Amino acid sequence: MSSIYRTLAGGTLRDIALACLAVWFIGLSYGAIAIASGFPLWVPAAQSVLVLAGASEFLFIGIVAAGGNPIAAALAGLLVNARHLPYGLALPDMTRPDGTGRGWRRLLASHVMNDESVVFALAQEDLPRKRAAYWACGLGVLLCWPAGAVLGALIGSLIGNTNAFGLDAMFPAVILALIVPARRDRVTVRAALIGAVIALATTPFLPAGLPVLLALAGVLAVVIDRQATRRADRQATRRADRQATRRADR
């Protein structure tokens, strides 16, 4: 793995280090909030290592702390992490440090796949740099996120009220950071608004966690709209082909 760091330029390594530092700070708030919400220290510690997905872990803690069903919380976390499926399809070669993609290396590569490692990998010009950036950032997050979560949990057990330090605002800030880049997409914004309306309308009547799952029905707006767009494009293409054929026959 030492060749990874020789492959990358100093600026890229600096940016990766800063991203991992930010992950460490967010991990502090996650661990502190988990402890303040009544979870034992082993829960954020185990999740930070085994799940390694900040948004999903925050969501699970928030839903269960609000009285939601743990199964619903786990399903919500899985749905949030559904974006990793296209990541895996787009980065098959980058997850193979030895060129084979076999054994424990492939498992570890899948585990360290996250938004940060994918972004840094895609920003590089060639495959060796893409692969090096992916592994450097992925392994950095694997170290920094659990370290921050455990330290945050220890701090949370001492200070008690994390709200007094504003750590309770970290979860909505993380979610907001994930959705802000999509605000320019009209279809995505409409789906988010539909989901928000569904969640607000069902919150007074349903247990915590279920409104979040029902809000995902807003995604149907994206699917329906894009299918309609593709259908219209196909129909327009067929009409253009027929018109071109008629003109050729004349």
# chains A, B, ... in the order shown; residues from 1 in each chain; ligands from 1

call {"tool": "closest_atom_pairs", "arguments": {"of": "range 22-119 of chain A", "to": "range 138-146 of chain A", "cutoff": "7 Å", "atoms": "only C-alpha atoms", "output": "CSV"}}
result
residue,atom,partner,partner_atom,distance
A:Val23,CA,A:Trp145,CA,5.9
A:Trp24,CA,A:Cys144,CA,4.9
A:Gly27,CA,A:Trp145,CA,5.3
A:Ala45,CA,A:Pro146,CA,6.3
A:Ser48,CA,A:Pro146,CA,4.9
A:Val49,CA,A:Pro146,CA,5.8
A:Val112,CA,A:Gly138,CA,4.7
A:Met113,CA,A:Gly138,CA,6.3
A:Ser117,CA,A:Gly138,CA,5.2

call {"tool": "closest_residue", "arguments": {"among": "A:Leu78, A:Ala32, A:Leu21, A:Leu214", "to": "Pro44 in chain A", "atoms": "only C-alpha atoms"}}
result
A:Ala32

call {"tool": "closest_residue", "arguments": {"among": "A:Cys137, A:Ala72, A:Ile159, A:Ala36", "to": "Ala19 in chain A", "atoms": "only C-alpha atoms"}}
result
A:Cys137

call {"tool": "select_by_dssp", "arguments": {"residues": "range 12-107 of chain A", "states": "helix (DSSP H, G or I)", "output": "ChimeraX atom specification"}}
result
/A:12-36,42-50,54-65,70-90,103-107

call {"tool": "atom_distance", "arguments": {"atom1": "CA of Gly54 in chain A", "atom2": "CA of Gly31 in chain A"}}
result
10.7 Å

call {"tool": "closest_residue", "arguments": {"among": "A:Leu122, A:Ile71, A:Ile33, A:Ile26", "to": "Ala55 in chain A", "atoms": "only C-alpha atoms"}}
result
A:Ile26

call {"tool": "closest_residue", "arguments": {"among": "A:Leu52, A:Ala17, A:Ala132, A:Leu206", "to": "Asn69 in chain A", "atoms": "only C-alpha atoms"}}
result
A:Leu206

call {"tool": "closest_residue", "arguments": {"among": "A:Ala192, A:Ala215, A:Leu107, A:Ala147", "to": "Phe25 in chain A", "atoms": "only C-alpha atoms"}}
result
A:Ala147
